[in-house]
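**Student:** So that we are looking at the same thing, I have put the structure below in structure tokens.
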Amino acid sequence: MMCSLALFPPPLSGDGETSQYNESNTDPSVWFEDSPALNLYFPRESLKPHSRQESSSKSAFRDHCETLYTRSAGAWCVCLSLSRTHAIPKPCLFTNPHLCLSARRDAGLSGLLNEIANSSAEVPKWLGVSSSCVLALLRWVSSFHSSLFPHLTLSSEEMTAEFSQVLDWSDCAVRSFAWHPHTQKCAVALSDDSIKIYNPKRLSLSQCATTPTLKHRLQRSVAALQWKPLCASALAVACHNCLLVWHVDPTSLSTRPSSGCAQVLSHPGHSPVTSVAWSPNGPLLVSASPRDTAMLVWDVAVESCVPLHRVGGGGVTYLSWSPDGSRVLAATPSSLFRVWETRMWTCERWPSLKGRCQSGCWSPDGSRLLFSVQGETVIYALTFTDNPGMPLMMSGGPKAATVVADLSETTLNTPDGDIMVGGEIQSLAWDPRGERLAVHVKGDAGAGRPAMIAVFKTQISPAFKLLPCGFVQGEAGTEPRLMQFNPNYQHGAQLTVCWSNGKITHVPFCFMSAGNPQPGLGGSPSLPLTQGRPADYNNQTLYTELIS
Amino acid sequence: MFSSDQSCCWFVRKVICWRAVASMAWSVLLLLPTTALFVLLIRFSLFHPILWISECLSLLTSASAIFSFILLCGVVLMVGFFNLEYYTVVPSIACSKIALLGQVLHPRQFVHSLVHCIMGVVVAWCCAFTIGGRYRSLGHSCTQDESSSGPEMCLNEYHLVLLLVGAFIGYSHSLVGVVYNMNYVSFHTMQQYKYLRFKGALPLVVKASAVQALYCLRTFLLLYFFMGYAPRAWICKTLDLNINRLTSQYYLNLPPRPLDLNINSSIHSLDSVSSLLDLSLLYHLWISGTFLLLTWYITVLLFRIFVTEVYSFPVQSTFTEDAHQCLPKVITGTQPMILKFLALQDLALLSQHSPSRRLEVFSLSQPGGHPHIWTALSKECLSLLSDLTERLVAHHDTVATNGRAKSQSTGGNKRSTTSSEGSVTSVGMEDMKTPRPGALIRTPGSVFLRSSVGAGLRTPLTIPFTPDLDSPFSSPALRRLTGPLEPQGALSPGFSSIQSPHVMRRGPKLWSASTDSQLNGSPPPSPGPAPSPSQAQLKPSFLVTFLQNRKDQVKHFLAKRMLIMYLFNKLPEASSQALFADSQVHIWALQGLSHLVAASFSEDQYGIVQTTLPTILSTLLLLQEAVDRHFKLPHTSSKPGHCSCSMGDDSYKTLRFALRSTLKTSVYRITATFGGHLHAVQMSAEHRKRLQHFLEYKE
């Protein structure tokens with residue numbers, strides 16, 4: 001049996017200040033234990049994009065100085081020897097080489113060749129001709145390459161936006177969001193390339209509200225954030241052309257940690273970084289870039305990396321480490337994804353999808369992987385029954401993915417009239433206890449289908465079950481951009497949603513955990529709020545797996 | 001004793017040797033494609049592709065090529081043998097230039113260099129043979145019609161240059177190997193299959209060999225241009241006789257005539273810049289050098305990959321005769337070092353990945369019901385960690401007291417010596433102390449002691465050059481002289497360090513016994529109880545003060561000489577690196593312990609881990625404190641730096657960072673698993689406070 005949106009309870013029609021949640025009409029503002037609400041609001045107007053400044057400085061600079069030497073100085077040092085032999089107007093050499101360097105850093109070899117080919121007056125004829133020949137050859141090769149992998153024609157920013165888990169990344173005020181896995185602490189990456197760290201407990205205890213703001217020269221177009229597990233302070237940031245690991249001392253009162261607190265991890269050819277994932281129990285960090293066919297496994301403490309190359313795919317876009325640490329999902333820009341086994345780092349290929357794998361999430365025990373495919377409106381499931389120590393090749397992994405939920409367009413009747421829901425899936429999130437699954441549906445504004453979050457109840461053992469639960473809606477005219485479950489919510493699950501107007505709200509789901517309580521959490525969770533569970537939907541099992 | 005010997009023997013015989021043999025076999029097999037590629041590259045001609053291919057094919061299948069291939073195989077086997085003989089899992093870190101010099105000039109290293117030099121010549125000869133043409137032989141007949149009618153042998157300088165390049169690259173390979181610790185075998189955090197690991201590392205090896213060959217070639221050409229006359233003349237002179245003899249055999253009927261290799265008359269003379277910068281010559285030399293280095297590097301790479309492969313020891317065995325091969329037995333041994341490393345690696349992996357083997361660790365012995373396995377494993381891990389703590393504390397104390405003494409000491413020129421000497425004494429003492437019998441040989445400087453060689457075999461030459469004793473002023477003789485003057489430590493900064501409480505506690509065991517005996521002329525019977533400093537203070541003999549003054553004078557004199565200071569100055573960071581040289585062991589011990597403890601929360605049926613938990617926590621917290629203090633020292637950088645990519649493995653330089661991060665993660669792993677239950681564990685108030693920080697995620 002498969003679950004579809006038609007079985008969902010229709011969303012409420014109210015459009016108040018806060019997000020709506022149907023299951024229990026609880027107070028949707030954030031509810032941390034013993035701490036004030038953490039409702040964040042980042043209006044887009046208050047954030048100046050950093051990249052715009054850079055481009056303006058570049059154009060301003062180019063007006064001033066137009067020699068071949070300076071234009072290509074940043075690109076290649078080869079140019080230095082080339083142009084030394086020719087006449088260089090002296091003043092331009094001294095105008096502002098640093099600016100030039102920063103402006104031209106991305107140009108590379110093709111940039112250099114382009115400059116040489118275009119400035120026929122300054123270089124000898126043979127050099128101009130040969131460089132334009134080489135340039136044509138390069139372009140031909142790259143066009144051939146990008147006909148195989150169309151995503152390579154995108155610019156870095158477009159690529160990050162394309163493969164990000166955030167809906168409409170480039171327009172979004174909140175670029176990324178990450179809860180700390182062990183404490184009530186979160187990091188928010190904003191579109192002005194800064195990262196803010198909020199610690200609600202600190203806010204309540206000491207009146208000095210220190211929210212450290214992390215800024216770094218290399219921290220541009222942040223695509224993903226993740227806190228290191230089993231550590232208080234390390235935060236990995238996937239940036240434009242490198243990976244930053246911040247060490248933010250939790251006891252420090254400084255609001256602007258210096259850039260010396262950040263480790264810069266970069267590898268040639270590995271940009272833009274679109275996804276990072278820490279191993280849940282170790283020091284390893286994997287990072288992915290759509291331009292690099294290799295997935296990099298970093299040993300962050302010693303800043304060394306091991307590239308894991310495999311043929312096919314043309315890059316890696318999204319990574320997700322299973323909570324038990326035994327497997328990693330690696331999606332590629334083409335219709336292929338891999339599941340790596342982390343003991344001996346072998347992988348299993350899953351080709352022949354309809355599109356690329358857009359998102360995926362693991363069940364808390366690492367035995368089940370749910371994923372969505374671009375262009376399709378269904379959720380697939382893979383089940384791994386083997387014991388996690390064995391390599392995938394030897395033990396029988398799953399042979400085929402099964403469809404567990406269908407989120408195609410459906411019309412729901414509400415008191416206010418019919419509304420359309422459903423569409424492609426942007427991202428998936430499973431709460432750390434495995435009881436709720438949030439599905440971010442992309443929607444289609446033109447067709448009158450808003451982007452929204454559908455929530456399923458899930459059960460993992462003894463059999464895998466999916467039950468419809470409800471929708472999460474925001475204020476009128478806003479759509480969810482990004483969502484994440486809070487791993488430290490004691491009373492159930494708590495979904496943090498970033499909205500298109502720059503607000504971040506938290507939607508609690510309170511329930512008694514059906515499974516055994518997690519060790520160290522201090523007994524069974526108390527129930528602060530009543531469970532308003534709609535009775536009609538209580539008994540429907542919409543996806544049940546038959547255990548053979 | 002016997003059992004440890006036996007265990008060492010079985011492991012080396014059954015595992016290490018086979019791994020080495022397998023790696024050599026693979027390198028010989030890989031020699032085939034490498035040679036084919038080399039032939040293709042070296043005979044490359046752009047304009048005659050068909051001729052090029054057919055020539056290469058005929059060359060590869062000719063009998064003479066097979067002969068040179070066999071030679072190459074011999075060389076590769078020899079390199080493999082040297083890898084096996086010289087490898088080490090604990091790198092030797094030279095703390096000063098003089099220590100480095102000592103390593104380079106060590107007899108063992110000399111043999112290494114010499115053999116590699118010769119092998120370089122052999123490979124170069126094979127290359128010359130393969131290239132053919134003008135490189136084929138050392139001499140060639142050049143007829144100079146106007147001077148004499150007979151055949152005159154001239155030196156073929158191309159051949160000579162190629163051979164010399166081979167020798168030079170061989171020697172520099174050996175030399176660079178010492179400087180960059182190429183014999184150091186590092187273990188990886190990520191486990192991968194051997195094939196995949198090799199495949200991943202191959203491009204880097206090719207790049208490294210090409211780059212290294214280029215650098216070597218540059219240096220060689222410079223050397224040859226300025227000093228090439230010497231080998232040329234020498235070869236001519238020595239071969240003169242040979243060729244004379246040969247020719248006299250062949251041309252018996254000819255009248256005896258002095259045949260000489262005529263250098264100057266040769267048109268192929270290579271003593272001008274333009275002739276040396278011949279593109280085709282450079283290309284041939286470069287490709288040959290790359291080929292030479294590539295085959296050797298591949299051998300090294302394969303050896304490293306094979307020897308560091310995970311070995312799964314049984315946790316317990318049903319048969320008593322196999323008991324010495326089980327993990328709890330093996331992990332406590334010290335020799336060979338690689339055995340201990342592999343055992344700890346296995347422990348770390350089993351604690352992380354295999355629940356069934358963890359259950360064996362948590363099991364009780366069948367008659368008696370004692371947790372022998374867990375006790376043995378945890379005890380060994382804890383003693384390793386507390387050893388490291390002691391080492392760090394001692395180091396820190398000397399550095400700290402040194403800072404105080406520095407302010408008291410007079411004379412600005414002591415600045416550099418004080419720091420070196422202070423740490424030197426401490427490490428030296430700590431080193432000599434050997435708290436447990438059979439502790440790791442962790443003298444980081446004992447390069448030349450292969451893991452199988454015991455500490456007793458330390459050659460006299462190495463002693464002055466180990467980082468512990470690298471300062472000239474801390475030579476045993478001088479220490480002896482100043483020994484009784486301990487209370488007057490303010491005079492010499494080196495001695496103030498001894499006054500620190502930590503060192504004082506164990507100091508007397510080390511030096512004072514020998515000091516007294518030496519001074520009084522009586523033979524030292526045994527390291528007896530320490531003579532108290534007060535005794536020495538009572539009778540400061542005239543001789544001693546005189547010698548002390550002399551020593552200061554010598555010090556001043558030496559300190560003024562730039563070269564001496566250059567040689568004896570401590571390299572930055574070296575002492576810190578040396579402290580953590582074998583920290584891979586500690587990292588695994590930490591990982592293994594913390595994973596086992598975390599797993600015990602749900603898997604330990606009998607509660608055996610609980611009894612050790614307070615000890616484990618306090619050991620970890622103590623180590624954490626010591627590591628934190630170490631990283632606050634002024635000389636240590638807080639971030640790993642990176643150097644050039646070559647075949648030398650520099651992962652030992654960053655081990656301390658890995659240790660620091662692993663340590664924190666381990667404590668967090670335990671606190672995250674046990675949570676509030678840890679309040680029930682007995683521990684000191686200070687530790688409880690510290691643990692509370694971890695519980696609140698504030699570290």
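Following the order of the structure tokens, chains are lettered A, B, ..., residues in each are numbered from 1, and ligands are numbered from 1.
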Select, as number ranges by chain, those residues of chain A with any atom no more than 10 Å from chain B (distances computed using only C-alpha atoms).
**Tutor:** A: 182-183, 228-233, 249-252, 260-263, 281-284, 297-309, 325-326, 342-346, 387-390, 518-522
**Student:** For segment 372-377 of chain A, please output as a PDB file with all heavy atoms, in the first residue's frame all residues within 9 Å (counting only C-alpha atoms; exclusion window: fewer than 6 positions along the same chain).
**Tutor:**
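Okay, this is what ended up in selection.pdb:
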ATOM      1  N   SER A 335      21.479  10.798 -13.134  1.00  0.00           N
ATOM      2  CA  SER A 335      20.479   9.887 -12.558  1.00  0.00           C
ATOM      3  C   SER A 335      21.168   8.683 -11.919  1.00  0.00           C
ATOM      4  O   SER A 335      21.069   7.567 -12.397  1.00  0.00           O
ATOM      5  CB  SER A 335      19.528   9.424 -13.643  1.00  0.00           C
ATOM      6  OG  SER A 335      20.261   8.756 -14.640  1.00  0.00           O
ATOM      7  N   LEU A 353      17.636   5.899 -12.381  1.00  0.00           N
ATOM      8  CA  LEU A 353      16.525   6.647 -11.817  1.00  0.00           C
ATOM      9  C   LEU A 353      15.911   7.464 -12.946  1.00  0.00           C
ATOM     10  O   LEU A 353      16.479   7.582 -14.028  1.00  0.00           O
ATOM     11  CB  LEU A 353      17.016   7.591 -10.727  1.00  0.00           C
ATOM     12  CG  LEU A 353      17.754   6.987  -9.551  1.00  0.00           C
ATOM     13  CD1 LEU A 353      18.299   8.095  -8.691  1.00  0.00           C
ATOM     14  CD2 LEU A 353      16.828   6.134  -8.749  1.00  0.00           C
ATOM     15  N   LYS A 354      14.801   8.096 -12.664  1.00  0.00           N
ATOM     16  CA  LYS A 354      14.222   8.983 -13.677  1.00  0.00           C
ATOM     17  C   LYS A 354      14.973  10.305 -13.707  1.00  0.00           C
ATOM     18  O   LYS A 354      15.123  10.932 -14.729  1.00  0.00           O
ATOM     19  CB  LYS A 354      12.762   9.241 -13.342  1.00  0.00           C
ATOM     20  CG  LYS A 354      11.878   8.032 -13.569  1.00  0.00           C
ATOM     21  CD  LYS A 354      10.826   8.330 -14.633  1.00  0.00           C
ATOM     22  CE  LYS A 354       9.995   7.102 -14.936  1.00  0.00           C
ATOM     23  NZ  LYS A 354       9.244   6.645 -13.754  1.00  0.00           N
ATOM     24  N   GLY A 355      15.416  10.745 -12.557  1.00  0.00           N
ATOM     25  CA  GLY A 355      16.161  12.000 -12.509  1.00  0.00           C
ATOM     26  C   GLY A 355      17.216  11.859 -11.449  1.00  0.00           C
ATOM     27  O   GLY A 355      17.480  10.759 -10.973  1.00  0.00           O
ATOM     28  N   ARG A 356      17.821  12.991 -11.082  1.00  0.00           N
ATOM     29  CA  ARG A 356      18.818  12.880 -10.032  1.00  0.00           C
ATOM     30  C   ARG A 356      18.144  12.778  -8.673  1.00  0.00           C
ATOM     31  O   ARG A 356      17.021  13.233  -8.481  1.00  0.00           O
ATOM     32  CB  ARG A 356      19.751  14.070 -10.075  1.00  0.00           C
ATOM     33  CG  ARG A 356      19.107  15.370  -9.726  1.00  0.00           C
ATOM     34  CD  ARG A 356      20.123  16.491  -9.798  1.00  0.00           C
ATOM     35  NE  ARG A 356      19.459  17.769  -9.763  1.00  0.00           N
ATOM     36  CZ  ARG A 356      19.075  18.370  -8.655  1.00  0.00           C
ATOM     37  NH1 ARG A 356      19.264  17.786  -7.495  1.00  0.00           N
ATOM     38  NH2 ARG A 356      18.492  19.537  -8.699  1.00  0.00           N
ATOM     39  N   CYS A 357      18.878  12.223  -7.748  1.00  0.00           N
ATOM     40  CA  CYS A 357      18.370  12.086  -6.402  1.00  0.00           C
ATOM     41  C   CYS A 357      18.416  13.469  -5.751  1.00  0.00           C
ATOM     42  O   CYS A 357      19.465  14.091  -5.657  1.00  0.00           O
ATOM     43  CB  CYS A 357      19.240  11.092  -5.646  1.00  0.00           C
ATOM     44  SG  CYS A 357      18.858  10.952  -3.934  1.00  0.00           S
ATOM     45  N   GLN A 358      17.281  13.966  -5.351  1.00  0.00           N
ATOM     46  CA  GLN A 358      17.228  15.333  -4.818  1.00  0.00           C
ATOM     47  C   GLN A 358      17.530  15.371  -3.327  1.00  0.00           C
ATOM     48  O   GLN A 358      18.266  16.224  -2.858  1.00  0.00           O
ATOM     49  CB  GLN A 358      15.850  15.927  -5.104  1.00  0.00           C
ATOM     50  CG  GLN A 358      15.504  17.171  -4.342  1.00  0.00           C
ATOM     51  CD  GLN A 358      16.393  18.337  -4.716  1.00  0.00           C
ATOM     52  OE1 GLN A 358      16.850  18.431  -5.844  1.00  0.00           O
ATOM     53  NE2 GLN A 358      16.663  19.209  -3.760  1.00  0.00           N
ATOM     54  N   SER A 359      16.996  14.443  -2.608  1.00  0.00           N
ATOM     55  CA  SER A 359      17.171  14.501  -1.167  1.00  0.00           C
ATOM     56  C   SER A 359      17.030  13.103  -0.600  1.00  0.00           C
ATOM     57  O   SER A 359      16.522  12.201  -1.264  1.00  0.00           O
ATOM     58  CB  SER A 359      16.125  15.437  -0.571  1.00  0.00           C
ATOM     59  OG  SER A 359      16.278  15.466   0.825  1.00  0.00           O
ATOM     60  N   GLY A 360      17.476  12.946   0.600  1.00  0.00           N
ATOM     61  CA  GLY A 360      17.347  11.645   1.235  1.00  0.00           C
ATOM     62  C   GLY A 360      17.481  11.769   2.729  1.00  0.00           C
ATOM     63  O   GLY A 360      18.027  12.746   3.233  1.00  0.00           O
ATOM     64  N   ALA A 405       5.473   6.480  -0.663  1.00  0.00           N
ATOM     65  CA  ALA A 405       4.497   7.559  -0.538  1.00  0.00           C
ATOM     66  C   ALA A 405       4.410   8.296  -1.860  1.00  0.00           C
ATOM     67  O   ALA A 405       5.393   8.421  -2.587  1.00  0.00           O
ATOM     68  CB  ALA A 405       4.900   8.526   0.570  1.00  0.00           C
ATOM     69  N   ASP A 406       3.224   8.761  -2.136  1.00  0.00           N
ATOM     70  CA  ASP A 406       2.997   9.494  -3.377  1.00  0.00           C
ATOM     71  C   ASP A 406       2.513  10.889  -3.004  1.00  0.00           C
ATOM     72  O   ASP A 406       1.535  11.043  -2.272  1.00  0.00           O
ATOM     73  CB  ASP A 406       1.932   8.759  -4.201  1.00  0.00           C
ATOM     74  CG  ASP A 406       1.748   9.409  -5.551  1.00  0.00           C
ATOM     75  OD1 ASP A 406       2.496  10.375  -5.830  1.00  0.00           O
ATOM     76  OD2 ASP A 406       0.875   8.976  -6.303  1.00  0.00           O
ATOM     77  N   LEU A 407       3.194  11.889  -3.492  1.00  0.00           N
ATOM     78  CA  LEU A 407       2.834  13.258  -3.133  1.00  0.00           C
ATOM     79  C   LEU A 407       2.397  14.045  -4.365  1.00  0.00           C
ATOM     80  O   LEU A 407       2.660  15.230  -4.477  1.00  0.00           O
ATOM     81  CB  LEU A 407       4.014  13.941  -2.454  1.00  0.00           C
ATOM     82  CG  LEU A 407       4.387  13.338  -1.111  1.00  0.00           C
ATOM     83  CD1 LEU A 407       5.816  13.609  -0.781  1.00  0.00           C
ATOM     84  CD2 LEU A 407       3.497  13.894  -0.038  1.00  0.00           C
ATOM     85  N   SER A 408       1.764  13.367  -5.291  1.00  0.00           N
ATOM     86  CA  SER A 408       1.346  14.069  -6.506  1.00  0.00           C
ATOM     87  C   SER A 408       0.181  15.004  -6.170  1.00  0.00           C
ATOM     88  O   SER A 408      -0.423  14.919  -5.104  1.00  0.00           O
ATOM     89  CB  SER A 408       0.950  13.068  -7.571  1.00  0.00           C
ATOM     90  OG  SER A 408       0.013  12.168  -7.051  1.00  0.00           O
ATOM     91  N   GLU A 409      -0.122  15.895  -7.118  1.00  0.00           N
ATOM     92  CA  GLU A 409      -1.076  16.964  -6.844  1.00  0.00           C
ATOM     93  C   GLU A 409      -2.435  16.378  -6.472  1.00  0.00           C
ATOM     94  O   GLU A 409      -2.914  15.460  -7.119  1.00  0.00           O
ATOM     95  CB  GLU A 409      -1.258  17.879  -8.057  1.00  0.00           C
ATOM     96  CG  GLU A 409      -0.028  18.620  -8.471  1.00  0.00           C
ATOM     97  CD  GLU A 409       0.724  17.881  -9.551  1.00  0.00           C
ATOM     98  OE1 GLU A 409       0.098  17.541 -10.554  1.00  0.00           O
ATOM     99  OE2 GLU A 409       1.927  17.624  -9.368  1.00  0.00           O
ATOM    100  N   GLY A 422       0.722  19.316  -3.146  1.00  0.00           N
ATOM    101  CA  GLY A 422       1.533  18.258  -3.757  1.00  0.00           C
ATOM    102  C   GLY A 422       2.522  18.794  -4.749  1.00  0.00           C
ATOM    103  O   GLY A 422       2.551  19.986  -5.047  1.00  0.00           O
ATOM    104  N   GLY A 423       3.344  17.934  -5.258  1.00  0.00           N
ATOM    105  CA  GLY A 423       4.342  18.330  -6.234  1.00  0.00           C
ATOM    106  C   GLY A 423       5.661  17.633  -5.975  1.00  0.00           C
ATOM    107  O   GLY A 423       5.732  16.641  -5.239  1.00  0.00           O
ATOM    108  N   GLU A 424       6.656  18.188  -6.596  1.00  0.00           N
ATOM    109  CA  GLU A 424       7.996  17.620  -6.436  1.00  0.00           C
ATOM    110  C   GLU A 424       8.497  17.810  -5.012  1.00  0.00           C
ATOM    111  O   GLU A 424       8.096  18.746  -4.325  1.00  0.00           O
ATOM    112  CB  GLU A 424       8.966  18.325  -7.385  1.00  0.00           C
ATOM    113  CG  GLU A 424       9.112  17.649  -8.707  1.00  0.00           C
ATOM    114  CD  GLU A 424      10.220  18.310  -9.490  1.00  0.00           C
ATOM    115  OE1 GLU A 424      11.317  18.455  -8.933  1.00  0.00           O
ATOM    116  OE2 GLU A 424       9.978  18.682 -10.649  1.00  0.00           O
ATOM    117  N   ILE A 425       9.408  16.954  -4.643  1.00  0.00           N
ATOM    118  CA  ILE A 425       9.886  16.997  -3.266  1.00  0.00           C
ATOM    119  C   ILE A 425      11.226  17.730  -3.220  1.00  0.00           C
ATOM    120  O   ILE A 425      12.139  17.424  -3.986  1.00  0.00           O
ATOM    121  CB  ILE A 425      10.024  15.570  -2.715  1.00  0.00           C
ATOM    122  CG1 ILE A 425       8.641  14.944  -2.634  1.00  0.00           C
ATOM    123  CG2 ILE A 425      10.678  15.580  -1.354  1.00  0.00           C
ATOM    124  CD1 ILE A 425       8.666  13.466  -2.556  1.00  0.00           C
ATOM    125  N   GLN A 426      11.303  18.705  -2.339  1.00  0.00           N
ATOM    126  CA  GLN A 426      12.550  19.458  -2.210  1.00  0.00           C
ATOM    127  C   GLN A 426      13.487  18.812  -1.200  1.00  0.00           C
ATOM    128  O   GLN A 426      14.663  18.639  -1.465  1.00  0.00           O
ATOM    129  CB  GLN A 426      12.227  20.894  -1.777  1.00  0.00           C
ATOM    130  CG  GLN A 426      13.426  21.762  -1.502  1.00  0.00           C
ATOM    131  CD  GLN A 426      14.175  22.092  -2.766  1.00  0.00           C
ATOM    132  OE1 GLN A 426      13.610  22.094  -3.846  1.00  0.00           O
ATOM    133  NE2 GLN A 426      15.470  22.349  -2.633  1.00  0.00           N
ATOM    134  N   SER A 427      12.961  18.452  -0.075  1.00  0.00           N
ATOM    135  CA  SER A 427      13.833  17.812   0.913  1.00  0.00           C
ATOM    136  C   SER A 427      13.023  16.953   1.861  1.00  0.00           C
ATOM    137  O   SER A 427      11.799  17.084   1.953  1.00  0.00           O
ATOM    138  CB  SER A 427      14.642  18.848   1.681  1.00  0.00           C
ATOM    139  OG  SER A 427      13.790  19.653   2.435  1.00  0.00           O
ATOM    140  N   LEU A 428      13.716  16.103   2.548  1.00  0.00           N
ATOM    141  CA  LEU A 428      13.103  15.171   3.484  1.00  0.00           C
ATOM    142  C   LEU A 428      13.812  15.305   4.816  1.00  0.00           C
ATOM    143  O   LEU A 428      15.019  15.541   4.863  1.00  0.00           O
ATOM    144  CB  LEU A 428      13.291  13.729   3.002  1.00  0.00           C
ATOM    145  CG  LEU A 428      12.630  13.310   1.699  1.00  0.00           C
ATOM    146  CD1 LEU A 428      13.237  12.004   1.228  1.00  0.00           C
ATOM    147  CD2 LEU A 428      11.156  13.151   1.905  1.00  0.00           C
ATOM    148  N   VAL A 441       7.514  19.955   0.183  1.00  0.00           N
ATOM    149  CA  VAL A 441       7.007  19.827  -1.189  1.00  0.00           C
ATOM    150  C   VAL A 441       7.191  21.165  -1.899  1.00  0.00           C
ATOM    151  O   VAL A 441       6.880  22.215  -1.347  1.00  0.00           O
ATOM    152  CB  VAL A 441       5.518  19.427  -1.162  1.00  0.00           C
ATOM    153  CG1 VAL A 441       4.988  19.297  -2.564  1.00  0.00           C
ATOM    154  CG2 VAL A 441       5.351  18.129  -0.415  1.00  0.00           C
TER     155      VAL A 441
END
**Student:** Quote the spacing between atom CA of Leu265 of chain A and atom CA of Cys242 of chain A in Å to one decimal place.
**Tutor:**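 Going from atom CA of Leu265 of chain A over to atom CA of Cys242 of chain A, I get 5.9 Å.
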**Student:** I'd like the contact shell of Ala331 of chain A - 6 Å cut-off, only C-alpha atoms, skipping same-chain residues fewer than 3 positions apart - returned as number ranges by chain.
**Tutor:** A: 316-318, 337, 357
**Student:** Would you save the residues of that selection, restricted to all heavy atoms, as an mmCIF file, in the first residue's frame?
**Tutor:**
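In the end it all went to selection-v6.cif:
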data_model
loop_
_atom_site.group_PDB
_atom_site.id
_atom_site.type_symbol
_atom_site.label_atom_id
_atom_site.label_comp_id
_atom_site.auth_asym_id
_atom_site.auth_seq_id
_atom_site.Cartn_x
_atom_site.Cartn_y
_atom_site.Cartn_z
ATOM 1 N N VAL A 316 29.243 15.187 -7.141
ATOM 2 C CA VAL A 316 28.460 14.742 -5.988
ATOM 3 C C VAL A 316 27.730 15.961 -5.455
ATOM 4 O O VAL A 316 28.323 17.022 -5.290
ATOM 5 C CB VAL A 316 29.359 14.144 -4.881
ATOM 6 C CG1 VAL A 316 28.513 13.613 -3.752
ATOM 7 C CG2 VAL A 316 30.226 13.042 -5.437
ATOM 8 N N THR A 317 26.430 15.834 -5.248
ATOM 9 C CA THR A 317 25.669 17.019 -4.871
ATOM 10 C C THR A 317 25.207 17.007 -3.428
ATOM 11 O O THR A 317 25.168 18.034 -2.781
ATOM 12 C CB THR A 317 24.419 17.144 -5.748
ATOM 13 O OG1 THR A 317 23.660 15.945 -5.611
ATOM 14 C CG2 THR A 317 24.807 17.335 -7.177
ATOM 15 N N TYR A 318 24.837 15.850 -2.935
ATOM 16 C CA TYR A 318 24.213 15.824 -1.619
ATOM 17 C C TYR A 318 24.732 14.630 -0.847
ATOM 18 O O TYR A 318 24.883 13.545 -1.401
ATOM 19 C CB TYR A 318 22.690 15.749 -1.759
ATOM 20 C CG TYR A 318 21.962 15.592 -0.455
ATOM 21 C CD1 TYR A 318 21.940 16.636 0.462
ATOM 22 C CD2 TYR A 318 21.326 14.405 -0.117
ATOM 23 C CE1 TYR A 318 21.296 16.498 1.673
ATOM 24 C CE2 TYR A 318 20.673 14.255 1.088
ATOM 25 C CZ TYR A 318 20.667 15.305 1.984
ATOM 26 O OH TYR A 318 20.041 15.171 3.184
ATOM 27 N N PHE A 337 22.810 7.477 -7.884
ATOM 28 C CA PHE A 337 23.339 7.822 -6.568
ATOM 29 C C PHE A 337 24.053 6.630 -5.996
ATOM 30 O O PHE A 337 23.938 5.510 -6.500
ATOM 31 C CB PHE A 337 22.240 8.340 -5.625
ATOM 32 C CG PHE A 337 21.254 7.317 -5.154
ATOM 33 C CD1 PHE A 337 21.460 6.639 -3.959
ATOM 34 C CD2 PHE A 337 20.117 7.044 -5.887
ATOM 35 C CE1 PHE A 337 20.543 5.706 -3.520
ATOM 36 C CE2 PHE A 337 19.195 6.107 -5.454
ATOM 37 C CZ PHE A 337 19.414 5.429 -4.274
ATOM 38 N N CYS A 357 18.878 12.223 -7.748
ATOM 39 C CA CYS A 357 18.370 12.086 -6.402
ATOM 40 C C CYS A 357 18.416 13.469 -5.751
ATOM 41 O O CYS A 357 19.465 14.091 -5.657
ATOM 42 C CB CYS A 357 19.240 11.092 -5.646
ATOM 43 S SG CYS A 357 18.858 10.952 -3.934
#
**Student:** Distance atom CA of Leu301 of chain B-atom CA of Asn183 of chain B, one decimal place?
**Tutor:** 10.6 Å
**Student:** Hey, which of B:Lys340, B:Lys97, B:Arg43, B:His630 ends up closest to Tyr283 of chain B? Count only C-alpha atoms.
**Tutor:**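 Among the listed residues, B:Arg43 lies closest to Tyr283 of chain B.
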**Student:** From segment 105-297 of chain A, collect each residue whose DSSP state is strand (DSSP E) and return the set as an MDAnalysis selection string.
**Tutor:** chainID A and resid 174:179 186:190 195:198 213:214 224:227 234:238 243:247 262:265 275:278 284:288 295:297
**Student:** So the first atom is atom CA of Met647 of chain B and the second is atom CA of Leu164 of chain B; what is the distance between them in Å, to one decimal place?
**Tutor:** 22.6 Å
